[in-house]
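Visitor: Below are the structure tokens for one structure; questions will follow.
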Amino acid sequence: MSDCIFCKIITGDIPSKHVYHDDQVTAFRDLNPAAPTHILIVPNKHIDSINTLTNEDEQLIGHLFTTAKQIAAQEGIAENGYRLIINTGAHAGQTVFHIHLHLLGGAPMRLMG
Ligand code: DGP
């Protein structure tokens with residue numbers, strides 16, 4: 001999508017602190033980190049939100065999570081634990097309408113908030 005920030009990060013048109021890329025997903029560090037480790041993992045295909053997922057996307061979303069697990073291990077946060085979040089819609093605080101999985105870790109976190 002031509003006006004999507006994350007599509008532009010995936011193609012390299014907007015710079016980011018790149019962490020991982022394959023033919024299905026891309027991962028980069030969040031611009032405003034909410035934890036010592038805060039990485040966004042996004043599908044290379046533009047999908048607005050969980051609300052617009054289709055059955056065809058099930059393998060892709062599974063790959064998003066196995067990539068998160070792999071990155072958590074690489075970042076050295078797997079053993080102590082980490083949080084995975086997908087915000088969906090305005091009430092959840094979604095600000096970028098290209099599905100992204102937040103990977104947060106590196107310090108203890110409260111259950112909510
Ligand atoms: P959400 O609130 O779930 O839609 O999260 C969007 C996240 O995207 C937010 O934590 C900040 C991050 N973000 C927004 N614009 C950019 C950008 O241009 N580069 C990077 N690296 N992160 C961005």
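All residue names refer to the structure tokens as shown: chains lettered A, B, ... in order, residues numbered from 1 in each chain, ligands numbered from 1 in order.
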Around ligand 1, which protein and nucleic acid residues have at least one atom no more than 10 Å from it, if we count only C-alpha atoms and all ligand atoms? List them as a PyMOL selection string.
Guide: chain A and resi 4-6+8-9+14-18+27-34+38-40+49+85-90+92-102
Visitor: Could you give me the residues within chain A that DSSP places in strand (DSSP E), as a ChimeraX atom specification?
Guide: /A:18-21,25-29,37-43,82-85,101-105
Visitor: Have a look at A:Asp48, A:His91, A:Asn55, A:Ala68 and name the one nearest to A:Leu104; count only C-alpha atoms.
Guide: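 Counting only C-alpha atoms, the residue closest to A:Leu104 is A:Ala68.
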Visitor: So how many Å separate atom CA of A:Ile10 and atom CA of A:Thr52, to one decimal?
Guide: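 These two atoms are separated by 19.8 Å.
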Visitor: Separation of atom CA of A:Asp13 and atom CA of A:Leu84, in Å?
Guide: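 That distance, rounded to one decimal, is 26.5 Å.
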Visitor: Calculate how many Å separate atom CA of A:Gly106 from atom CA of A:Gly76, rounding to one decimal.
Guide: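 Distance reported for this atom pair: 8.4 Å.
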Visitor: Point out the residue among A:Thr11, A:Thr37, A:Gln59, A:Asn51 with the least atom-to-atom distance to A:Ala73, counting only C-alpha atoms.
Guide: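 Among the listed residues, the smallest separation from A:Ala73 belongs to A:Thr37.
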Visitor: Check the smallest atom-to-atom distance from each of A:Pro43, A:Gly81, A:Asp22, A:Ala35 to A:Glu58 using only C-alpha atoms, then report the winner.
Guide: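 So, comparing all the options, the nearest one is A:Pro43.
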Visitor: For the structure I just gave you, how does DSSP split chain A - specifically, which residues are helix (DSSP H, G or I)? Reply as a PyMOL selection string.
Guide: chain A and resi 5-11+50-52+55-75+90-92
